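So the structure is just underneath, and the comments pick up after that.
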Number of protein chains: 2
Amino acid sequence: MTALENLSKLLSRLPGVGPKSASRIAFSLINTPKDYNDLLAQSIAEIKDKVRPCSICGSFTETEICPVCADSMRDRTQLCIVEQPQDVLSIQASGAYNGLFHVLGGAINPLNGVGPENLSFSQLIKRIDEGSFKEIIIATNPTEEGDTTALYIRHILKDREGLTLTRLASGLPIGGDLEYADRTTLTRSFRGRISF
Amino acid sequence: MTALENLSKLLSRLPGVGPKSASRIAFSLINTPKDYNDLLAQSIAEIKDKVRPCSICGSFTETEICPVCADSMRDRTQLCIVEQPQDVLSIQASGAYNGLFHVLGGAINPLNGVGPENLSFSQLIKRIDEGSFKEIIIATNPTEEGDTTALYIRHILKDREGLTLTRLASGLPIGGDLEYADRTTLTRSFRGRISF
């Protein structure tokens, strides 16, 4: 196997990179500046050592406690539960939320062998017991697994007094087109319709 | 800038990788095996040193002369002229051709400051003078720049006797749909229609 084929093969294992794009990227790396290649290589080699899960929320961080958990200006009465560390980044980028996060590390998926015991539910309960949360916002994905996980969270938290449970709204994406919306999304939009 | 942001930014400079995919790839590299990250990093850091242009055809190679130029089983009466080293790989993968290649290093594009003097035309002439080619197959891209380059090649080779000049057929891609074909492709398909 040549160096180019080897690089293409490694690149094609990255998410969203098929054999064609892998080959295109490999070729492009022959023409990029040497400095860039070295920086990229170094950054890839180091990333696993630099980034770790936050000991409180489970989001990725380079310090013991992530910037969100450490930020005293965040609203400590709201807790947003997400599946993956990436979801924290997306919500942070939207600027729509100023509370704390809890990363489950996935969604309940019995077919893939992911049960509640594989996710960070015990830490979640501990945080809720010790914290001063008033609202728990369930922001698992609007998928079958995400919905199952949301139902499970409702189940384990249902007897707590003074705790409001909410779930992110599902429906038509902004800028989307009714014509191209799938049936499930349309059904959800109807069920979740709001007074206007 | 955090390590993840830094890695995402570097990745987003790769062709076909936007900010969203860059961030997705960066996150994925936290969960891939350490061995894989190290191999990928090493492969990226080394690729520029390992790969060089073939001293005959200009295609990428890890040896002085590329495997195609060195292969005594290839038909040395046919020369296929392409723009980029990648094009050699695509044609090789198709298995449709068994002759030699010549890589120009691009296409004539006056707006981007690429004139004939920036491409390997002098080497091309030298190879044709010294070789035993009977057919020159012009496989520049079916774009304005590729067409201009094809016309230029025809111009500089038009007085050579015993040399057939051909150009790859343009038309509807196989598996494509007339409904979605653009006007230029359809026009080319009509002009280039063959007896059936």
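Letters A, B, ... mark the chains of the structure tokens in the order given; residue numbers begin at 1 per chain; ligand numbers begin at 1, in order shown.
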
Sort by chain and increasing residue number a table of all residues of chain A within 9 Å of chain B, each with its closest pair of atoms and their distance in Å to one decimal, counting only C-alpha atoms, and write it as CSV.
```
residue,atom,partner,partner_atom,distance
A:Thr2,CA,B:Glu62,CA,7.4
A:Ala3,CA,B:Ile47,CA,6.6
A:Leu4,CA,B:Ile47,CA,7.2
A:Asn6,CA,B:Ser43,CA,7.7
A:Leu7,CA,B:Ser43,CA,5.8
A:Leu10,CA,B:Leu40,CA,6.1
A:Leu11,CA,B:Leu40,CA,7.4
A:Leu14,CA,B:Ile25,CA,6.3
A:Pro15,CA,B:Ile25,CA,6.0
A:Gly16,CA,B:Ser21,CA,7.1
A:Val17,CA,B:Val17,CA,8.7
A:Ser21,CA,B:Gly16,CA,7.1
A:Ser23,CA,B:Gln86,CA,8.4
A:Arg24,CA,B:Pro15,CA,7.2
A:Ile25,CA,B:Pro15,CA,6.0
A:Ala26,CA,B:Ile44,CA,8.2
A:Phe27,CA,B:Gln86,CA,7.1
A:Ser28,CA,B:Pro15,CA,7.3
A:Leu29,CA,B:Ile44,CA,7.3
A:Ile30,CA,B:Lys48,CA,5.1
A:Asn31,CA,B:Lys48,CA,7.8
A:Thr32,CA,B:Lys48,CA,8.7
A:Lys34,CA,B:Lys48,CA,7.3
A:Tyr36,CA,B:Leu10,CA,7.8
A:Asn37,CA,B:Ala45,CA,5.6
A:Asp38,CA,B:Ala45,CA,5.3
A:Leu39,CA,B:Leu10,CA,8.0
A:Leu40,CA,B:Leu10,CA,6.1
A:Ala41,CA,B:Ala41,CA,4.0
A:Gln42,CA,B:Ala41,CA,6.6
A:Ser43,CA,B:Leu7,CA,5.8
A:Ile44,CA,B:Ala41,CA,5.8
A:Ala45,CA,B:Asp38,CA,5.3
A:Glu46,CA,B:Ala3,CA,8.5
A:Ile47,CA,B:Ile30,CA,6.4
A:Lys48,CA,B:Ile30,CA,5.1
A:Asp49,CA,B:Ile30,CA,8.7
A:Lys50,CA,B:Ala3,CA,6.9
A:Val51,CA,B:Ile30,CA,7.4
A:Arg52,CA,B:Ile30,CA,8.6
A:Thr61,CA,B:Thr2,CA,8.6
A:Glu62,CA,B:Thr2,CA,7.5
A:Pro85,CA,B:Phe27,CA,8.5
A:Gln86,CA,B:Phe27,CA,7.2
```

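Looking only at range 20-163 of chain B, the set that DSSP places in strand (DSSP E) from backbone geometry is B:Arg52, B:Pro53, B:Phe60, B:Thr61, B:Asp75, B:Arg76, B:Thr77, B:Gln78, B:Leu79, B:Cys80, B:Ile81, B:Val82, B:Gly99, B:Leu100, B:Phe101, B:His102, B:Val103, B:Glu135, B:Ile136, B:Ile137, B:Ile138.
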
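Here CA of Cys54 in chain B and CA of Asp159 in chain B stand 28.3 Å from one another.
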
message: Report as number ranges by chain all protein, DNA and RNA residues lying within 12 Å of range 102-113 of chain A, evaluated on only C-alpha atoms, omitting residues in the same chain fewer than 2 positions from it.
response: A: 53-60, 66, 68-69, 78-89, 99-100, 115-128, 136-153; B: 31

field: Residues of chain A in helix (DSSP H, G or I), written as a VMD selection string
entry: chain A and resid 3 to 11 19 to 31 34 to 50 67 to 70 85 to 94 110 to 112 116 to 118 121 to 130 144 to 157 178 to 180 183 to 191

query: What is the distance, in Å and to one decimal place, between CA of Glu64 in chain B and CA of Tyr97 in chain B?
result: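 One can read the CA of Glu64 in chain B to CA of Tyr97 in chain B distance as 22.7 Å.
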
task: Would you mind reading off the distance between CA of Asp75 in chain B and CA of Lys20 in chain A, one decimal, in Å?
output: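 So the two atoms, CA of Asp75 in chain B and CA of Lys20 in chain A, lie 27.8 Å apart.
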
Need the shell around Leu163 in chain A: protein/DNA/RNA residues with any atom at most 9 Å away, counting only C-alpha atoms. Skip same-chain ones fewer than 6 positions apart. Format as a PDB file with N, CA, C and O atoms, in the first residue's frame?
```pdb
ATOM      1  N   PHE A 133     -31.817  22.673  41.798  1.00  0.00           N
ATOM      2  CA  PHE A 133     -32.494  22.797  40.503  1.00  0.00           C
ATOM      3  C   PHE A 133     -34.001  22.927  40.673  1.00  0.00           C
ATOM      4  O   PHE A 133     -34.608  22.272  41.526  1.00  0.00           O
ATOM      5  N   LYS A 134     -34.582  23.791  39.834  1.00  0.00           N
ATOM      6  CA  LYS A 134     -36.043  23.942  39.816  1.00  0.00           C
ATOM      7  C   LYS A 134     -36.620  23.382  38.522  1.00  0.00           C
ATOM      8  O   LYS A 134     -37.766  22.978  38.477  1.00  0.00           O
ATOM      9  N   GLU A 135     -35.818  23.410  37.454  1.00  0.00           N
ATOM     10  CA  GLU A 135     -36.301  22.902  36.161  1.00  0.00           C
ATOM     11  C   GLU A 135     -35.266  21.956  35.553  1.00  0.00           C
ATOM     12  O   GLU A 135     -34.072  22.268  35.497  1.00  0.00           O
ATOM     13  N   ILE A 136     -35.760  20.818  35.089  1.00  0.00           N
ATOM     14  CA  ILE A 136     -34.911  19.876  34.352  1.00  0.00           C
ATOM     15  C   ILE A 136     -35.381  19.889  32.902  1.00  0.00           C
ATOM     16  O   ILE A 136     -36.538  19.545  32.613  1.00  0.00           O
ATOM     17  N   LEU A 157     -37.643  10.629  37.853  1.00  0.00           N
ATOM     18  CA  LEU A 157     -37.725  11.924  38.555  1.00  0.00           C
ATOM     19  C   LEU A 157     -39.155  12.285  38.953  1.00  0.00           C
ATOM     20  O   LEU A 157     -39.378  13.326  39.579  1.00  0.00           O
TER      21      LEU A 157
END
```

message: Residues near Thr187 in chain A, anyone? I mean within 10 Å using only C-alpha atoms, not counting same-chain ones fewer than 6 positions away, as a ChimeraX atom specification.
response: /A:170-172,181,193

With C-alpha atoms retained, export the selected residues as a short mmCIF file (atom, residue, chain, number, x, y, z; two decimals), in the first residue's frame.
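Once everything was written out, this is again.cif:
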```
data_model
loop_
_atom_site.label_atom_id
_atom_site.label_comp_id
_atom_site.auth_asym_id
_atom_site.auth_seq_id
_atom_site.Cartn_x
_atom_site.Cartn_y
_atom_site.Cartn_z
CA SER A 170 -40.01 19.24 18.18
CA GLY A 171 -41.41 20.42 14.88
CA LEU A 172 -40.60 22.01 11.56
CA ALA A 181 -40.91 17.69 5.98
CA ARG A 193 -48.97 23.18 17.90
#
```
